[in-house]
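Enquirer: Coordinates in upload34.txt, compact mmCIF, C-alpha atoms, are listed below.
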```txt
# COMPACT_ATOMS: atom_id res chain seq x y z
CA MET A 1 5.52 5.56 -10.71
CA ALA A 2 9.18 4.68 -10.27
CA THR A 3 11.04 3.72 -13.42
CA ARG A 4 14.06 1.42 -13.45
CA GLU A 5 16.34 4.48 -13.55
CA HIS A 6 14.64 5.97 -10.47
CA LEU A 7 14.93 2.74 -8.54
CA GLU A 8 18.58 2.33 -9.54
CA LYS A 9 19.25 5.76 -8.01
CA TRP A 10 17.49 4.76 -4.79
CA VAL A 11 19.40 1.49 -4.54
CA ALA A 12 22.72 3.26 -5.19
CA TYR A 13 21.81 5.84 -2.54
CA ALA A 14 20.87 3.17 0.02
CA LYS A 15 24.07 1.23 -0.59
CA GLN A 16 26.17 4.37 -0.31
CA HIS A 17 24.61 5.45 2.98
CA GLY A 18 23.91 2.06 4.57
CA SER A 19 20.16 2.74 4.36
CA ILE A 20 17.37 0.21 4.01
CA ILE A 21 14.58 0.82 1.48
CA PHE A 22 11.07 -0.26 2.45
CA PHE A 23 9.52 -0.94 -0.96
CA ASP A 24 5.72 -1.16 -1.02
CA ALA A 25 4.71 -3.09 -4.15
CA ALA A 26 1.04 -3.57 -3.24
CA TYR A 27 -0.01 -2.23 -6.64
CA GLU A 28 2.58 -3.95 -8.85
CA ALA A 29 -0.10 -5.97 -10.67
CA PHE A 30 -1.46 -2.76 -12.22
CA ILE A 31 1.81 -2.04 -14.04
CA THR A 32 1.42 -2.54 -17.79
CA ASP A 33 4.52 -0.67 -19.02
CA PRO A 34 7.26 -3.31 -19.45
CA ALA A 35 9.91 -0.70 -18.60
CA ILE A 36 8.63 -0.33 -15.02
CA PRO A 37 9.95 -2.90 -12.51
CA HIS A 38 7.40 -4.85 -10.46
CA SER A 39 9.87 -5.60 -7.70
CA ILE A 40 12.77 -3.67 -6.16
CA TYR A 41 14.78 -6.89 -6.51
CA GLU A 42 14.78 -6.40 -10.29
CA ILE A 43 17.48 -3.81 -9.52
CA PRO A 44 20.93 -5.39 -9.05
CA GLY A 45 22.15 -4.96 -5.48
CA ALA A 46 18.68 -4.47 -3.98
CA ARG A 47 18.97 -7.70 -1.98
CA ASP A 48 21.53 -5.93 0.20
CA CYS A 49 19.43 -2.86 0.95
CA ALA A 50 15.68 -3.50 0.55
CA ILE A 51 12.65 -5.09 2.18
CA GLU A 52 9.60 -5.48 -0.07
CA PHE A 53 5.92 -5.53 0.94
CA ARG A 54 3.24 -7.11 -1.24
CA SER A 55 -0.44 -7.81 -0.90
CA PHE A 56 -3.23 -9.91 -2.38
CA SER A 57 -5.70 -7.10 -1.59
CA LYS A 58 -5.70 -5.28 -4.87
CA ASN A 59 -4.71 -7.87 -7.48
CA ALA A 60 -7.04 -10.61 -6.21
CA GLY A 61 -9.61 -8.64 -4.20
CA PHE A 62 -8.42 -9.86 -0.77
CA THR A 63 -9.13 -6.64 1.18
CA GLY A 64 -11.72 -8.51 3.24
CA THR A 65 -10.05 -11.92 3.02
CA ARG A 66 -6.64 -10.69 4.27
CA CYS A 67 -3.35 -11.97 2.90
CA ALA A 68 -0.03 -10.27 2.16
CA LEU A 69 3.67 -10.97 2.22
CA THR A 70 6.93 -9.35 3.14
CA VAL A 71 10.30 -10.24 1.62
CA VAL A 72 13.34 -10.01 3.89
CA PRO A 73 16.44 -11.17 1.98
CA LYS A 74 18.99 -13.22 3.87
CA GLY A 75 22.24 -11.30 4.10
CA LEU A 76 20.51 -7.93 4.53
CA LYS A 77 22.19 -6.31 7.54
CA GLY A 78 21.77 -3.52 10.06
CA LYS A 79 23.99 -2.15 12.82
CA ALA A 80 23.72 -3.01 16.53
CA ALA A 81 24.40 -0.56 19.36
CA ASP A 82 27.91 -2.00 19.78
CA GLY A 83 28.65 -1.29 16.12
CA SER A 84 28.53 -4.90 14.97
CA GLU A 85 26.65 -5.86 11.80
CA VAL A 86 23.56 -7.98 12.39
CA GLU A 87 21.39 -9.89 9.92
CA ILE A 88 17.83 -8.59 9.66
CA TRP A 89 16.15 -11.88 8.62
CA PRO A 90 16.52 -13.65 12.00
CA LEU A 91 15.14 -10.57 13.77
CA TRP A 92 12.00 -10.47 11.63
CA ASN A 93 11.65 -14.25 11.90
CA ARG A 94 11.86 -13.97 15.69
CA ARG A 95 9.44 -11.03 15.75
CA GLN A 96 6.84 -12.86 13.66
CA SER A 97 7.26 -16.14 15.56
CA THR A 98 6.75 -14.33 18.87
CA LYS A 99 3.95 -11.89 18.02
CA PHE A 100 2.11 -13.57 15.12
CA ASN A 101 0.61 -16.99 14.56
CA GLY A 102 0.29 -17.01 10.81
CA VAL A 103 -2.57 -16.49 8.37
CA SER A 104 -5.44 -18.98 8.39
CA TYR A 105 -4.91 -22.16 6.37
CA ILE A 106 -8.08 -21.47 4.41
CA VAL A 107 -6.96 -18.00 3.35
CA GLN A 108 -3.49 -19.22 2.38
CA ARG A 109 -5.08 -21.86 0.15
CA GLY A 110 -7.11 -19.07 -1.44
CA ALA A 111 -3.95 -17.03 -2.01
CA GLU A 112 -2.15 -20.07 -3.47
CA ALA A 113 -4.92 -20.36 -6.08
CA VAL A 114 -3.92 -16.94 -7.44
CA TYR A 115 -0.87 -18.72 -8.90
CA SER A 116 -2.87 -21.42 -10.71
CA ALA A 117 -3.55 -20.97 -14.43
CA GLU A 118 -7.22 -20.12 -13.72
CA GLY A 119 -6.24 -17.79 -10.88
CA GLN A 120 -3.78 -15.93 -13.10
CA ALA A 121 -6.38 -15.47 -15.84
CA GLN A 122 -9.05 -14.36 -13.36
CA THR A 123 -6.82 -11.86 -11.53
CA LYS A 124 -5.69 -10.43 -14.89
CA ALA A 125 -9.35 -9.91 -15.81
CA LEU A 126 -10.02 -8.17 -12.47
CA ILE A 127 -7.07 -5.83 -12.97
CA SER A 128 -8.13 -5.04 -16.55
CA PHE A 129 -11.60 -4.21 -15.29
CA TYR A 130 -10.30 -1.68 -12.76
CA MET A 131 -7.82 -0.22 -15.24
CA GLU A 132 -10.67 0.33 -17.73
CA ASN A 133 -12.40 2.26 -14.92
CA ALA A 134 -9.22 4.33 -14.49
CA LYS A 135 -9.20 5.07 -18.23
CA ILE A 136 -12.82 6.23 -18.11
CA ILE A 137 -12.06 8.49 -15.13
CA ARG A 138 -9.01 9.99 -16.85
CA GLU A 139 -10.87 10.63 -20.09
CA GLN A 140 -13.98 12.09 -18.47
CA LEU A 141 -12.09 14.43 -16.14
CA THR A 142 -9.79 15.53 -18.97
CA SER A 143 -12.82 16.21 -21.19
CA VAL A 144 -13.96 19.00 -18.86
CA GLY A 145 -10.53 20.59 -18.73
CA LEU A 146 -9.22 19.19 -15.46
CA GLU A 147 -5.49 18.54 -15.07
CA VAL A 148 -5.16 14.81 -14.45
CA HIS A 149 -2.24 12.58 -13.41
CA GLY A 150 -1.92 8.84 -12.82
CA GLY A 151 -4.44 6.17 -13.72
CA ILE A 152 -1.81 4.55 -15.94
CA ASN A 153 0.10 1.62 -14.40
CA ALA A 154 -1.86 2.45 -11.23
CA PRO A 155 -5.54 2.33 -10.22
CA TYR A 156 -5.69 5.88 -8.85
CA VAL A 157 -6.25 9.09 -10.76
CA TRP A 158 -5.03 12.38 -9.29
CA LEU A 159 -6.58 15.66 -10.35
CA LYS A 160 -5.40 19.20 -9.74
CA THR A 161 -8.19 20.96 -7.88
CA PRO A 162 -9.74 23.74 -9.98
CA ASP A 163 -9.70 27.41 -8.89
CA ASN A 164 -6.90 26.70 -6.40
CA LEU A 165 -9.33 25.04 -4.01
CA SER A 166 -7.73 23.26 -1.08
CA SER A 167 -7.96 19.48 -1.19
CA TRP A 168 -10.50 19.37 1.66
CA ASP A 169 -12.61 22.18 0.14
CA PHE A 170 -12.78 20.23 -3.10
CA PHE A 171 -13.69 17.10 -1.09
CA ASP A 172 -16.61 18.92 0.54
CA LYS A 173 -17.79 20.45 -2.76
CA LEU A 174 -17.69 17.11 -4.54
CA LEU A 175 -19.58 15.44 -1.69
CA VAL A 176 -22.29 18.10 -1.48
CA ASN A 177 -22.71 18.86 -5.20
CA CYS A 178 -22.10 15.44 -6.76
CA ASN A 179 -22.46 13.05 -3.82
CA VAL A 180 -19.11 11.59 -4.85
CA VAL A 181 -16.41 10.73 -2.30
CA GLY A 182 -12.70 10.92 -3.14
CA THR A 183 -9.54 11.42 -1.11
CA PRO A 184 -7.98 14.85 -0.42
CA GLY A 185 -4.36 14.88 -1.56
CA SER A 186 -3.31 16.86 1.51
CA GLY A 187 -4.19 13.81 3.62
CA PHE A 188 -1.16 12.12 2.07
CA GLY A 189 1.24 14.94 2.96
CA ALA A 190 1.87 18.64 2.38
CA ALA A 191 2.92 18.07 -1.24
CA GLY A 192 -0.53 16.59 -1.93
CA GLU A 193 -2.31 19.88 -1.11
CA GLY A 194 -4.27 21.16 -4.09
CA TYR A 195 -4.65 17.66 -5.48
CA PHE A 196 -7.42 15.11 -5.16
CA ARG A 197 -7.40 11.34 -5.62
CA ILE A 198 -10.13 9.33 -7.33
CA SER A 199 -10.05 5.56 -7.00
CA ALA A 200 -10.82 3.24 -9.90
CA PHE A 201 -12.06 0.58 -7.47
CA ASN A 202 -15.81 0.48 -8.02
CA SER A 203 -18.44 -1.02 -10.30
CA ARG A 204 -18.57 0.25 -13.89
CA ASP A 205 -22.05 1.66 -13.26
CA ASN A 206 -20.85 3.66 -10.26
CA VAL A 207 -17.80 4.98 -12.10
CA ASN A 208 -19.91 6.04 -15.08
CA GLU A 209 -22.51 7.65 -12.83
CA ALA A 210 -19.88 9.49 -10.75
CA MET A 211 -18.17 10.80 -13.90
CA ALA A 212 -21.53 11.86 -15.39
CA ARG A 213 -22.30 13.88 -12.25
CA ILE A 214 -18.87 15.51 -12.11
CA THR A 215 -18.70 16.40 -15.81
CA ALA A 216 -22.27 17.79 -15.69
CA LYS A 217 -21.23 20.14 -12.85
CA PHE A 218 -18.16 21.34 -14.74
CA LYS A 219 -20.15 21.96 -17.93
CA GLN A 220 -22.57 24.28 -16.10
CA MET B 221 -2.01 5.51 37.42
CA ALA B 222 -0.72 3.50 34.46
CA ARG B 223 1.36 5.46 31.99
CA ILE B 224 0.29 5.57 28.36
CA ASN B 225 2.46 5.73 25.24
CA ASP B 226 2.66 9.51 24.87
CA ASN B 227 3.66 9.17 21.23
CA TYR B 228 -0.02 8.53 20.44
CA LEU B 229 -0.78 12.06 21.62
CA LYS B 230 1.52 13.43 18.89
CA LEU B 231 -0.62 11.97 16.10
CA LYS B 232 -2.45 14.42 13.90
CA ALA B 233 -6.15 14.91 14.65
CA GLY B 234 -7.45 12.05 12.61
CA TYR B 235 -6.11 9.34 10.43
CA LEU B 236 -7.11 10.36 6.89
CA PHE B 237 -9.65 7.65 6.14
CA PRO B 238 -11.59 7.89 9.45
CA GLU B 239 -11.83 11.67 8.86
CA ILE B 240 -13.29 11.05 5.40
CA ALA B 241 -15.77 8.59 6.92
CA ARG B 242 -16.73 11.16 9.56
CA ARG B 243 -17.52 13.82 6.94
CA VAL B 244 -19.38 11.39 4.69
CA ASN B 245 -21.45 10.06 7.60
CA ALA B 246 -22.34 13.58 8.73
CA PHE B 247 -23.46 14.44 5.19
CA ALA B 248 -25.44 11.20 4.86
CA GLU B 249 -27.23 11.87 8.15
CA GLN B 250 -28.28 15.34 7.01
CA ASN B 251 -29.21 14.08 3.54
CA PRO B 252 -30.81 10.68 3.98
CA GLY B 253 -31.12 8.83 0.69
CA ALA B 254 -28.39 10.85 -1.07
CA PRO B 255 -26.94 8.47 -3.72
CA ILE B 256 -23.35 8.61 -2.48
CA ILE B 257 -20.68 6.97 -4.64
CA ARG B 258 -17.42 6.16 -2.86
CA LEU B 259 -14.23 6.53 -4.89
CA GLY B 260 -12.13 7.30 -1.85
CA ILE B 261 -10.48 4.65 0.27
CA GLY B 262 -9.54 2.31 -2.58
CA ASP B 263 -11.41 -0.75 -1.42
CA VAL B 264 -12.14 -3.30 -4.11
CA THR B 265 -15.73 -3.99 -5.17
CA GLU B 266 -15.58 -6.98 -7.51
CA PRO B 267 -16.03 -10.56 -6.21
CA LEU B 268 -13.10 -12.83 -5.36
CA PRO B 269 -11.79 -14.87 -8.31
CA GLN B 270 -13.54 -18.22 -8.72
CA ALA B 271 -10.22 -20.08 -8.36
CA CYS B 272 -9.65 -18.50 -4.92
CA ARG B 273 -13.19 -19.26 -3.75
CA ASP B 274 -12.97 -22.87 -4.92
CA ALA B 275 -9.63 -23.33 -3.15
CA MET B 276 -11.01 -21.90 0.09
CA VAL B 277 -14.12 -24.07 -0.05
CA LYS B 278 -11.89 -27.11 -0.53
CA ALA B 279 -9.72 -25.92 2.40
CA VAL B 280 -12.81 -25.71 4.62
CA GLY B 281 -13.43 -29.34 3.67
CA ASP B 282 -9.86 -30.19 4.75
CA MET B 283 -10.61 -28.70 8.17
CA GLY B 284 -13.50 -31.15 8.55
CA ASP B 285 -11.31 -34.14 7.78
CA ARG B 286 -9.22 -35.54 10.66
CA ALA B 287 -6.38 -36.51 8.28
CA ALA B 288 -6.20 -33.11 6.53
CA PHE B 289 -7.06 -30.90 9.52
CA LYS B 290 -4.60 -28.07 10.28
CA GLY B 291 -3.94 -26.56 13.69
CA TYR B 292 -1.30 -23.89 14.26
CA GLY B 293 0.50 -23.31 10.98
CA PRO B 294 4.05 -22.05 10.47
CA GLU B 295 4.30 -18.41 11.60
CA GLN B 296 6.09 -17.62 8.33
CA GLY B 297 3.31 -19.13 6.20
CA TYR B 298 2.95 -22.52 4.50
CA LEU B 299 5.87 -23.45 2.29
CA TRP B 300 3.64 -24.29 -0.70
CA LEU B 301 2.42 -20.68 -0.79
CA ARG B 302 5.87 -19.20 -0.20
CA GLU B 303 7.29 -21.36 -2.99
CA ALA B 304 4.58 -20.34 -5.46
CA ILE B 305 5.25 -16.68 -4.66
CA ALA B 306 9.04 -16.99 -4.90
CA LYS B 307 8.78 -18.77 -8.23
CA GLN B 308 6.08 -16.77 -10.00
CA ASP B 309 6.34 -13.28 -8.49
CA PHE B 310 10.11 -13.09 -8.18
CA GLN B 311 12.20 -15.78 -9.88
CA ALA B 312 10.10 -15.46 -13.07
CA ARG B 313 11.22 -11.80 -13.19
CA GLY B 314 14.86 -12.65 -12.64
CA CYS B 315 14.84 -11.76 -8.92
CA GLU B 316 16.95 -14.04 -6.72
CA ILE B 317 14.38 -14.49 -3.97
CA ASP B 318 14.04 -17.79 -2.13
CA ALA B 319 10.84 -19.10 -0.51
CA SER B 320 12.53 -18.91 2.90
CA GLU B 321 12.81 -15.13 2.50
CA ILE B 322 9.05 -14.69 2.14
CA PHE B 323 6.86 -14.13 5.21
CA ILE B 324 3.08 -14.45 4.79
CA SER B 325 0.94 -12.08 6.83
CA ASP B 326 -2.60 -10.78 7.09
CA GLY B 327 -1.83 -7.44 5.47
CA SER B 328 0.79 -5.03 4.19
CA LYS B 329 -0.45 -2.32 6.53
CA CYS B 330 0.37 -4.52 9.53
CA ASP B 331 3.80 -5.42 8.17
CA CYS B 332 4.68 -1.81 7.30
CA GLY B 333 4.05 -0.86 10.93
CA ASN B 334 5.38 -4.04 12.55
CA ILE B 335 8.71 -3.89 10.72
CA LEU B 336 9.62 -0.94 12.94
CA ASP B 337 9.81 -3.40 15.86
CA ILE B 338 13.17 -4.63 14.63
CA PHE B 339 14.75 -1.22 13.94
CA GLY B 340 16.19 1.32 16.35
CA HIS B 341 14.60 4.64 17.24
CA ASP B 342 17.53 6.84 16.23
CA ASN B 343 17.47 6.25 12.49
CA ALA B 344 17.06 9.09 10.05
CA ILE B 345 13.87 8.27 8.17
CA ALA B 346 12.80 9.62 4.80
CA VAL B 347 9.29 9.30 3.41
CA THR B 348 8.03 10.46 0.05
CA ASP B 349 5.35 13.14 -0.01
CA PRO B 350 2.49 12.58 -0.76
CA VAL B 351 2.49 9.15 0.87
CA TYR B 352 0.33 6.44 2.46
CA PRO B 353 -0.31 7.95 5.95
CA VAL B 354 0.39 4.62 7.67
CA TYR B 355 4.13 5.02 7.05
CA VAL B 356 4.16 8.30 8.95
CA ASP B 357 1.73 7.44 11.76
CA THR B 358 3.41 4.12 12.63
CA ASN B 359 6.73 5.95 13.00
CA VAL B 360 5.09 8.55 15.25
CA MET B 361 3.56 5.76 17.39
CA ALA B 362 6.94 4.03 17.65
CA GLY B 363 8.55 7.21 18.96
CA ASN B 364 10.71 7.71 15.89
CA THR B 365 9.73 11.35 15.45
CA GLY B 366 9.62 14.48 17.54
CA ASP B 367 6.39 16.37 18.05
CA ILE B 368 4.74 16.19 14.63
CA ASN B 369 3.70 19.86 14.88
CA ASP B 370 7.14 21.06 15.89
CA ARG B 371 9.34 21.35 12.81
CA ALA B 372 12.47 21.96 14.92
CA SER B 373 12.16 18.60 16.65
CA MET B 374 11.69 16.78 13.37
CA ALA B 375 15.39 16.57 12.69
CA ALA B 376 15.11 12.86 12.04
CA TRP B 377 12.25 13.35 9.67
CA SER B 378 13.28 14.05 6.12
CA THR B 379 10.73 14.45 3.39
CA CYS B 380 11.26 13.79 -0.28
CA ARG B 381 8.75 15.84 -2.21
CA SER B 382 7.43 14.14 -5.29
CA PRO B 383 4.96 15.89 -7.57
CA GLN B 384 2.37 13.50 -8.95
CA THR B 385 3.88 13.79 -12.40
CA THR B 386 7.30 12.36 -11.56
CA ALA B 387 8.57 9.63 -9.30
CA SER B 388 10.44 10.54 -6.15
CA GLN B 389 14.18 11.04 -6.27
CA PRO B 390 16.69 10.39 -3.51
CA LEU B 391 17.83 13.64 -1.94
CA SER B 392 20.96 14.58 -0.11
CA PRO B 393 21.54 12.43 2.99
CA PRO B 394 18.82 13.02 5.57
CA PRO B 395 19.96 14.76 8.75
CA ARG B 396 21.02 12.55 11.65
CA LEU B 397 19.75 12.97 15.18
CA THR B 398 23.18 12.60 16.69
```
In structure tokens, what does this structure look like?
Expert:
Amino acid sequence: MATREHLEKWVAYAKQHGSIIFFDAAYEAFITDPAIPHSIYEIPGARDCAIEFRSFSKNAGFTGTRCALTVVPKGLKGKAADGSEVEIWPLWNRRQSTKFNGVSYIVQRGAEAVYSAEGQAQTKALISFYMENAKIIREQLTSVGLEVHGGINAPYVWLKTPDNLSSWDFFDKLLVNCNVVGTPGSGFGAAGEGYFRISAFNSRDNVNEAMARITAKFKQ
Amino acid sequence: MARINDNYLKLKAGYLFPEIARRVNAFAEQNPGAPIIRLGIGDVTEPLPQACRDAMVKAVGDMGDRAAFKGYGPEQGYLWLREAIAKQDFQARGCEIDASEIFISDGSKCDCGNILDIFGHDNAIAVTDPVYPVYVDTNVMAGNTGDINDRASMAAWSTCRSPQTTASQPLSPPPRLT
């Protein structure tokens, strides 16, 4: 989870090197710590060096309904082959106008409702529900001595695989012994090897049942 | 014979989530009735908020009314949605973002890949590690990397390691191809 200080370093770096940051804020709604920015644009200067991606998938349950957004600030620039500076916004506008015909009217009305008073209350309740799941997962895994990260300000809990198992070996063991499916950390890159990700996105019953099976195995 | 995009042949054996599905399906076939609980892909399980469902039902009604019917919409998204987003997601947090700078799409995954359309192929690219595999695979598909198995040809591919306990930090400038 990137703090304000981390993001300030990234923005300073991007401005120094003429880089553009692609900031994926799909999970911003799960942030509860007021010190953690929800948007890269909370950092001064980010308008000149960042594009932000957001989604309605996780805050409002739109994974099957499909709606997201991308922010391309006007004035953000890149370099052309002839060395001239070119604005990015018109390029993305042209790209979308040529290759994309927009999201359905019905879905956009559904997304708009997220911003109504009822929509805000209902999405907050959804997020709290998943974050309570994350808390249960953290507590249960910790109770059997596993090293656990995340699950705070984010709906995923990462555990260090026990006995130095590889991520995929742990995946197979968990599937066979507990019938629980997670995600091997190594699938996210070499630095994820030896870690395993458990998602808080499920019903309370399923989360409780999965944790009961896992903790029972570790108590044996 | 028609030429294919050879960059697709550089992709690692399987995208992470299809590989998980393959292993789970194989297990389920051998163990029919096993009570499998999925805490993997990160798909939501709880129903859509009532406010969203009501709004969509009403919108379906609009489509049945000649006066309210909508054909092709703006490619960037309807202004009423872009304005709500700009105001409540950004301006309310002190971010100077205008509705005209917001582009509505059908998913962040699509946008993360599509954005590469408007950038050159000779940029130095840094990704955090571990990371959402889509960021890496879309760059491979676009021809922005060398052979993914050949470290020497990955000069343009800089990785910022980030242990789960701390957020990623910018490193020294990534190497340039030229």
Enquirer: Enumerate as number ranges by chain the residues belonging to chain A that approach chain B to within 6 Å, with only C-alpha atoms taken into account.
Expert: A: 1-2, 10, 41-42, 55, 61, 66-73, 97, 101-103, 106, 109-110, 112-113, 119, 122, 179-183, 187-189, 191-192, 198-199, 201-202
Enquirer: Which residues, written as a list in words, have at least one atom at most 12 Å from Pro34 of chain A, with all atoms listed in the file counted and residues fewer than 6 positions away on the same chain left out?
Expert: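 Non-adjacent residues within range: Thr3, Arg4, Glu28 and Asn153 of chain A; Arg313 of chain B.
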Enquirer: Could you tell me how far atom CA of Thr161 of chain A lies from atom CA of Ser203 of chain A, in Å and to one decimal?
Expert: 24.4 Å
Enquirer: Using all atoms listed in the file, pick whichever of A:Glu209, A:Ala111, A:Ser167, A:Ile20 has the shortest atom-to-atom distance to Ala190 of chain A.
Expert: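 Answer, going by the shortest atom-to-atom distance: A:Ser167.
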Enquirer: Just how far from atom CA of Asp163 of chain A is atom CA of Asn208 of chain A, in Å to one decimal?
Expert: 24.5 Å
Enquirer: Could you give me the centre and size, in Å to one decimal, of an axis-aligned box around all listed atoms of segment 28-44 of chain A with 5 Å added on every side, as AutoDock Vina command-line options?
Expert:
```
--center_x 9.7 --center_y -3.6 --center_z -12.8 --size_x 32.4 --size_y 16.6 --size_z 23.3
```
Enquirer: So what do you get for atom CA of Leu229 of chain B versus atom CA of Met361 of chain B, distance-wise?
Expert: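 The value is 8.7 Å.
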